[in-house]
>>> print(open('entry-v5.txt').read())   # compact mmCIF, C-alpha atoms
# COMPACT_ATOMS: atom_id res chain seq x y z
CA MET O 289 -19.12 14.79 -24.55
CA TYR O 290 -17.00 14.92 -21.42
CA ALA O 291 -18.12 15.36 -17.81
CA VAL O 292 -16.29 16.90 -14.86
CA VAL O 293 -16.91 14.85 -11.72
CA THR O 294 -15.54 14.45 -8.19
CA LEU O 295 -14.66 10.92 -7.10
CA GLN O 296 -16.26 10.64 -3.68
CA ASP O 297 -13.76 8.14 -2.27
CA SER O 298 -10.72 10.35 -2.93
CA ASP O 299 -12.42 13.78 -3.35
CA GLU O 300 -10.43 14.24 -6.55
CA VAL O 301 -11.85 16.26 -9.46
CA MET O 302 -11.58 14.28 -12.71
CA VAL O 303 -12.70 14.33 -16.33
CA ALA O 304 -14.62 11.32 -17.68
CA PRO O 305 -16.41 10.54 -20.94
CA SER O 306 -20.14 11.13 -20.55
CA SER O 307 -20.71 7.56 -21.78
CA TRP O 308 -19.09 6.22 -18.59
CA LEU O 309 -21.68 7.89 -16.34
CA SER O 310 -24.81 6.16 -15.08
CA ALA O 311 -28.22 7.50 -16.09
CA ASP O 312 -28.67 9.34 -12.77
CA LYS O 313 -25.06 10.66 -12.98
CA LYS O 314 -24.28 9.41 -9.47
CA GLN O 315 -21.78 6.75 -10.57
CA SER O 316 -19.14 6.36 -13.25
CA TYR O 317 -17.12 3.51 -14.65
CA TRP O 318 -13.44 3.97 -13.88
CA PRO O 319 -10.39 2.32 -15.50
CA PRO O 320 -8.43 -0.08 -13.26
CA PHE O 321 -5.06 0.97 -14.71
CA LYS O 322 -2.28 1.87 -12.26
CA SER O 323 -0.55 4.09 -14.82
CA PRO O 324 -1.92 7.68 -14.92
CA GLU O 325 -0.92 7.83 -18.59
CA LYS O 326 -3.11 4.85 -19.45
CA CYS O 327 -6.04 6.37 -17.53
CA THR O 328 -5.60 9.66 -19.42
CA GLU O 329 -5.47 7.78 -22.72
CA ALA O 330 -8.66 5.90 -21.83
CA VAL O 331 -10.44 9.20 -21.15
CA GLN O 332 -9.16 10.88 -24.32
CA ASN O 333 -10.18 7.96 -26.53
CA ARG O 334 -13.44 7.41 -24.64
CA LEU O 335 -12.71 3.69 -24.44
CA LYS O 336 -15.45 1.18 -23.78
CA PRO O 337 -15.43 0.60 -19.99
CA GLU O 338 -14.11 -2.94 -20.00
CA THR O 339 -10.78 -4.78 -20.08
CA GLY O 340 -10.47 -8.29 -21.49
CA GLY O 341 -14.25 -8.59 -21.54
CA LYS O 342 -14.51 -7.65 -17.85
CA THR O 343 -16.52 -4.51 -17.09
CA TRP O 344 -14.78 -1.84 -14.99
CA GLU O 345 -15.80 -1.06 -11.44
CA LYS O 346 -18.31 1.77 -10.87
CA LEU O 347 -17.31 4.54 -8.46
CA ASN O 348 -19.60 6.95 -6.65
CA ILE O 349 -19.26 10.51 -8.02
CA SER O 350 -20.50 14.06 -7.62
CA PHE O 351 -21.43 15.41 -11.06
CA HIS O 352 -20.47 19.01 -11.92
CA LYS O 353 -21.07 19.71 -15.63
CA GLU O 354 -20.72 18.35 -19.16
CA TYR O 355 -18.68 19.88 -22.00
CA ASP O 356 -18.53 19.26 -25.73
CA SER O 357 -14.73 19.06 -25.84
CA LEU O 358 -11.96 17.57 -23.72
CA GLU O 359 -10.10 20.92 -23.55
CA LYS O 360 -13.09 22.75 -22.04
CA ALA O 361 -13.63 19.94 -19.57
CA LYS O 362 -9.97 20.10 -18.46
CA GLU O 363 -10.20 23.88 -17.97
CA ALA O 364 -13.28 23.44 -15.80
CA GLN O 365 -11.51 20.63 -13.90
CA LYS O 366 -8.60 22.97 -13.12
CA GLU O 367 -10.89 25.79 -11.96
CA ILE O 368 -12.97 23.54 -9.71
CA THR O 369 -9.82 21.93 -8.24
CA GLU O 370 -8.22 25.29 -7.42
CA HIS O 371 -11.47 26.58 -5.94
CA LYS O 372 -11.73 23.53 -3.64
CA GLU O 373 -8.10 23.88 -2.60
CA ARG O 374 -8.50 27.56 -1.76
CA SER O 375 -11.61 26.77 0.24
CA PHE O 376 -9.74 24.09 2.12
CA LEU O 377 -6.85 26.43 2.92
CA LEU O 378 -9.19 29.13 4.15
CA ALA O 379 -11.11 26.68 6.28
CA THR O 380 -8.08 25.02 7.86
CA GLY O 381 -5.20 27.45 7.52
CA PHE O 382 -6.62 30.91 7.94
CA SER O 383 -9.73 30.60 10.06
CA GLY O 384 -7.55 29.69 13.03
CA LEU O 385 -5.81 33.08 12.84
CA LYS O 386 -8.97 34.90 13.85
CA ARG O 387 -8.92 34.94 17.62
CA GLN O 388 -11.38 36.46 20.00
CA ARG O 389 -9.97 39.51 21.73
CA PRO O 390 -9.16 38.92 25.39
CA GLU O 391 -11.53 40.55 27.85
CA SER O 392 -8.71 42.64 29.26
CA THR O 393 -7.18 44.79 26.47
CA GLN O 394 -5.50 47.34 28.72
CA GLY O 395 -2.15 48.34 27.26
CA MET O 396 -2.87 46.64 23.92
CA SER O 397 -4.67 49.42 22.05
CA LYS O 398 -1.46 50.29 20.21
CA TYR O 399 -1.22 46.71 18.88
CA PRO O 400 -4.70 45.66 17.68
CA LEU O 401 -5.18 42.11 16.48
CA PRO O 402 -5.54 41.78 12.71
CA SER O 403 -9.18 41.60 11.59
CA THR O 404 -8.26 39.80 8.35
CA PRO O 405 -5.69 37.10 7.64
CA PRO O 406 -2.32 38.20 6.27
CA ARG O 407 -2.00 38.09 2.48
CA MET O 408 0.21 35.39 1.00
CA SER O 409 2.63 35.87 -1.82
CA SER O 410 1.84 34.25 -5.15
CA ASP O 411 4.76 31.84 -4.85
CA ALA O 412 3.72 30.73 -1.35
CA LYS O 413 0.16 30.17 -2.50
CA ASP O 414 1.30 28.11 -5.49
CA GLU O 415 3.53 26.06 -3.22
CA LEU O 416 0.65 25.35 -0.84
CA LEU O 417 -1.63 24.39 -3.70
CA GLN O 418 0.99 21.98 -5.04
CA MET O 419 1.33 20.46 -1.56
CA MET O 420 -2.43 19.95 -1.45
CA ARG O 421 -2.38 18.23 -4.84
CA ASP O 422 0.41 15.90 -3.67
CA ILE O 423 -1.50 15.08 -0.49
CA LYS O 424 -4.69 14.33 -2.41
CA ARG O 425 -2.81 12.13 -4.85
CA THR O 426 -1.27 10.19 -1.97
CA VAL O 427 -4.67 9.79 -0.31
CA GLN O 428 -6.13 8.44 -3.54
CA GLU O 429 -3.28 5.94 -3.99
CA ASN O 430 -3.57 4.79 -0.37
CA SER O 431 -7.34 4.45 -0.71
CA THR O 432 -6.97 2.28 -3.81
CA MET O 433 -4.30 0.15 -2.12
CA LEU O 434 -6.44 -0.28 1.01
CA LYS O 435 -9.43 -1.42 -1.02
CA LYS O 436 -7.29 -4.02 -2.80
CA LEU O 437 -5.83 -5.28 0.50
CA LEU O 438 -9.26 -5.57 2.07
CA LYS O 439 -10.55 -7.43 -0.97
CA ASP O 440 -7.58 -9.83 -0.99
CA ASN O 441 -7.89 -10.38 2.76
CA THR O 442 -11.56 -11.27 2.44
CA VAL O 443 -10.71 -13.90 -0.15
CA SER O 444 -7.80 -15.32 1.86
CA GLU O 445 -9.94 -15.68 5.01
CA ALA O 446 -12.58 -17.76 3.25
CA PRO O 447 -12.59 -21.25 4.80
CA SER O 448 -10.96 -23.93 2.66
CA SER O 449 -11.81 -27.62 2.45
CA THR O 450 -8.64 -28.50 4.37
CA SER O 451 -9.07 -25.95 7.16
CA LEU O 452 -11.69 -26.98 9.72
CA PRO O 453 -12.84 -24.86 12.67
CA THR O 454 -11.27 -25.84 15.98
CA LYS O 455 -14.47 -27.32 17.43
CA ASP O 456 -15.01 -29.54 14.39
CA VAL O 457 -11.41 -30.77 14.57
CA LYS O 458 -11.82 -31.66 18.25
CA MET O 459 -14.98 -33.65 17.54
CA ASN O 460 -13.21 -35.60 14.79
CA LEU O 461 -10.25 -36.37 17.08
CA ASN O 462 -12.42 -37.61 20.00
CA LEU O 463 -10.41 -35.83 22.68
CA PRO O 464 -9.70 -36.05 25.54
CA LEU O 465 -8.66 -39.71 25.70
CA ARG O 466 -10.19 -41.53 28.68
CA THR O 467 -8.95 -45.12 28.58
CA ILE O 468 -5.94 -47.17 27.57
CA GLU O 469 -8.07 -48.49 24.70
CA ASP O 470 -8.50 -44.90 23.50
CA VAL O 471 -4.72 -44.51 23.57
CA LYS O 472 -4.20 -47.68 21.52
CA ARG O 473 -6.75 -46.53 18.96
CA THR O 474 -5.15 -43.09 18.70
CA GLU O 475 -1.66 -44.58 18.34
CA ASN O 476 -2.89 -46.58 15.35
CA GLU O 477 -4.50 -43.48 13.84
CA LEU O 478 -1.28 -41.51 14.21
CA THR O 479 0.52 -43.81 11.79
CA ASN O 480 -1.25 -41.69 9.15
CA VAL O 481 0.63 -38.45 8.43
CA THR O 482 -2.55 -36.52 7.60
CA THR O 483 -4.09 -37.50 10.92
CA GLN O 484 -0.93 -36.41 12.74
CA GLN O 485 -1.19 -32.98 11.14
CA LYS O 486 -4.82 -32.63 12.23
CA TYR O 487 -3.81 -33.30 15.83
CA VAL O 488 -0.88 -30.87 15.62
CA GLN O 489 -3.09 -28.20 14.01
CA TYR O 490 -5.73 -28.43 16.73
CA LEU O 491 -3.36 -28.64 19.70
CA SER O 492 -1.16 -25.78 18.46
CA ARG O 493 -4.16 -23.42 18.55
CA LEU O 494 -4.80 -23.83 22.26
CA GLY O 495 -2.37 -21.05 23.21
CA GLY O 496 -0.82 -20.27 26.58
CA PHE O 497 1.68 -17.98 28.25
CA GLY O 498 5.06 -19.70 28.48
CA PRO O 499 5.96 -23.41 28.24
CA LYS O 500 4.13 -24.46 31.44
CA ASP O 501 0.84 -22.90 30.39
CA VAL O 502 1.11 -24.18 26.80
CA ILE O 503 1.77 -27.78 27.88
CA LYS O 504 -0.94 -27.67 30.56
CA ASN O 505 -3.52 -26.55 27.98
CA ILE O 506 -2.44 -29.29 25.57
CA MET O 507 -2.32 -32.09 28.14
CA GLN O 508 -5.76 -31.18 29.51
CA GLN O 509 -7.17 -31.57 25.99
CA VAL O 510 -5.28 -34.79 25.25
CA LEU O 511 -6.16 -37.00 28.23
CA THR O 512 -8.16 -37.04 31.46
CA ASP O 513 -6.44 -36.98 34.84
CA ASP O 514 -7.63 -40.54 35.58
CA LEU O 515 -5.89 -41.74 32.40
CA ALA O 516 -2.82 -39.60 33.10
CA SER O 517 -2.43 -41.37 36.46
CA GLU O 518 -1.65 -44.59 34.57
CA PHE O 519 1.43 -43.05 32.92
CA ASN O 520 4.85 -41.77 33.87
CA TRP O 521 7.59 -40.53 31.55
CA GLN O 522 9.90 -43.58 31.38
CA GLY O 523 7.41 -46.33 32.31
CA ARG O 524 9.03 -47.39 35.57
CA GLY O 525 7.04 -49.53 37.96
CA ILE O 526 3.59 -50.67 36.89
CA GLU O 527 2.81 -47.57 34.86
CA ASN O 528 3.07 -46.98 31.10
CA ALA O 529 5.74 -44.92 29.28
CA PHE O 530 4.34 -41.66 27.96
CA SER O 531 7.65 -40.83 26.25
CA LYS O 532 7.25 -43.75 23.82
CA LEU O 533 3.87 -42.68 22.46
CA ARG O 534 3.44 -41.27 18.97
CA LEU O 535 1.05 -38.86 20.67
CA THR O 536 4.02 -37.39 22.54
CA ASP O 537 5.68 -36.52 19.23
CA VAL O 538 2.47 -34.76 18.20
CA ILE O 539 2.50 -32.76 21.44
CA ARG O 540 6.14 -31.75 20.83
CA ASP O 541 5.30 -30.56 17.31
CA ALA O 542 2.25 -28.61 18.52
CA ALA O 543 4.26 -26.99 21.31
CA SER O 544 7.10 -26.06 18.95
CA LYS O 545 4.60 -24.07 16.86
CA GLN O 546 4.13 -21.96 19.99
CA SER O 547 7.90 -21.49 20.38
CA VAL O 548 8.30 -24.08 23.16
CA LEU O 549 11.69 -25.82 23.01
CA ARG O 550 11.82 -29.63 23.04
CA ALA O 551 13.61 -29.78 26.41
CA ASP O 552 11.09 -27.41 28.01
CA CYS O 553 8.23 -29.38 26.48
CA GLU O 554 9.43 -32.67 27.95
CA ALA O 555 10.14 -31.11 31.34
CA GLU O 556 6.62 -29.70 31.55
CA ILE O 557 5.04 -33.00 30.43
CA LYS O 558 6.94 -34.81 33.21
CA ASN O 559 5.79 -32.22 35.74
CA TYR O 560 2.19 -32.43 34.54
CA LEU O 561 2.15 -36.22 34.89
CA TRP O 562 3.87 -36.04 38.27
CA CYS O 563 1.19 -33.69 39.63
CA THR O 564 -1.74 -35.81 38.43
CA GLY O 565 -2.37 -37.18 41.93
CA ASP O 566 -2.69 -33.67 43.35
CA ARG O 567 -5.19 -32.65 40.67
CA ILE O 568 -7.32 -35.75 41.23
CA SER O 569 -7.37 -35.27 45.01
CA ARG O 570 -8.48 -31.64 44.61
CA LYS O 571 -11.35 -32.67 42.33
CA ARG O 572 -12.71 -35.45 44.61
CA PRO O 573 -15.06 -34.66 47.55
CA ARG O 574 -13.50 -34.45 51.01
CA ALA O 575 -14.01 -37.44 53.33
CA CYS O 576 -16.04 -37.20 56.59
CA GLY O 577 -14.52 -34.80 59.08
CA GLY O 578 -12.65 -32.98 56.33
CA ALA O 579 -9.83 -35.55 56.11
CA THR O 580 -8.31 -36.22 52.74
CA SER O 581 -5.76 -38.66 51.49
CA GLU O 582 -2.29 -37.27 51.88
CA VAL O 583 -0.50 -36.49 48.64
CA THR O 584 3.10 -35.46 48.76
CA SER O 585 3.78 -32.25 46.85
CA PRO O 586 6.55 -32.52 44.26
CA SER O 587 8.11 -29.41 45.75
CA MET O 588 8.92 -31.41 48.88
CA LEU O 589 10.93 -33.98 46.96
CA ASP O 590 14.46 -33.72 45.84
CA SER O 591 14.65 -32.55 42.21
CA THR O 592 17.05 -35.36 41.32
CA PHE O 593 14.57 -37.92 42.65
CA GLN O 594 11.77 -36.30 40.62
CA SER O 595 13.79 -36.53 37.42
CA GLU O 596 14.34 -40.24 38.05
CA MET O 597 10.62 -40.89 38.39
CA GLY O 598 9.32 -41.95 35.02
CA MET O 599 6.64 -43.85 33.21
CA SER O 600 6.32 -46.95 30.78
CA PHE O 601 4.11 -47.72 27.84
CA PHE O 602 3.49 -51.01 26.18
CA HIS O 603 3.76 -51.79 22.51
CA ASP O 604 1.92 -54.81 21.14
>>> encode(input="entry-v5.txt", output="structure tokens")
Amino acid sequence: MYAVVTLQDSDEVMVAPSSWLSADKKQSYWPPFKSPEKCTEAVQNRLKPETGGKTWEKLNISFHKEYDSLEKAKEAQKEITEHKERSFLLATGFSGLKRQRPESTQGMSKYPLPSTPPRMSSDAKDELLQMMRDIKRTVQENSTMLKKLLKDNTVSEAPSSTSLPTKDVKMNLNLPLRTIEDVKRTENELTNVTTQQKYVQYLSRLGGFGPKDVIKNIMQQVLTDDLASEFNWQGRGIENAFSKLRLTDVIRDAASKQSVLRADCEAEIKNYLWCTGDRISRKRPRACGGATSEVTSPSMLDSTFQSEMGMSFFHD
């Protein structure tokens, strides 16, 4: 026995062995083969709905009728398909030709609007029907492809043992650093390549618009302003050299993942450290009478002088 059914996902009329249908005839097993020839062969031979011991997927169907031979089922399939295509054409192609007469018909009595749609030639009708079949076939293929992509995407997005959420990574890294002792501890940790990658992974996810924003977001997560005030780039004076830290290499790698060039990265780190005093003064309460300690803005200094200002870090 063979059944004629409509696959609800693609609205395509198909023939299937009655043995593939569920008891309530609302679902049917369907072969996973990409080749139409293999699918046709599976139907003709009424294969057991499984491949390599794995049962086929069930699809939702609309059941039409059962037949005792494959030939009769195919004839019914063709009739139902053509009927659905004609109905579609009438609903979408011809119904729009029926227009309401305008209220003012003066001077138009000689040219009445047609009350019925114009008849189509047999060749034109066949051509339209073939176009509809091609469209339906394309829709079915796209639907199958979309389902596979969604399924694959769901699997690929499943969290792995080596991919931790951002918040968990931050907790494990104990950021931001607050003291020189924290910096020493982190420098020792960064001798491990795996630990370096964890830092780079977390910091590269912080985002930003342009090099300045990217570096600001990273530096704010890496160290507090009070700790930043103890560093400059080259380590001149009594301050420590930020440029010599392993942590600086991590920041460069994280920034490069956001398309920030090395030169731009270093320039923005220098600027961030240089402006630490301004940030601290803005955070602290104003003194009595509204007076605050004067902090010279970097914009008021000569750029050459700024570039010469640096910072130093110690190595045991």
>>> closest_residue(input="entry-v5.txt", among="O:Lys366, O:Arg493, O:Phe530, O:Asp541", to="Glu518 (chain O)", atoms="only C-alpha atoms")
O:Phe530
>>> atom_distance(input="entry-v5.txt", atom1="CA of Thr328 (chain O)", atom2="CA of Asp414 (chain O)")
24.1 Å
>>> residues_near_point(input="entry-v5.txt", point="(-14.2, 23.0, -10.2)", cutoff="9 Å", atoms="all atoms listed in the file", output="list in words")
Val292, Val293, Thr294, Val301, His352, Glu363, Ala364, Gln365, Lys366, Glu367, Ile368, Thr369, Glu370, His371 and Lys372 of chain O
>>> atom_distance(input="entry-v5.txt", atom1="CA of Leu478 (chain O)", atom2="CA of Ser547 (chain O)")
22.9 Å
>>> atom_distance(input="entry-v5.txt", atom1="CA of Gly525 (chain O)", atom2="CA of Arg567 (chain O)")
21.0 Å
>>> closest_residue(input="entry-v5.txt", among="O:Trp562, O:Glu429, O:Ala304, O:Ser544", to="Lys336 (chain O)", atoms="only C-alpha atoms")
O:Ala304
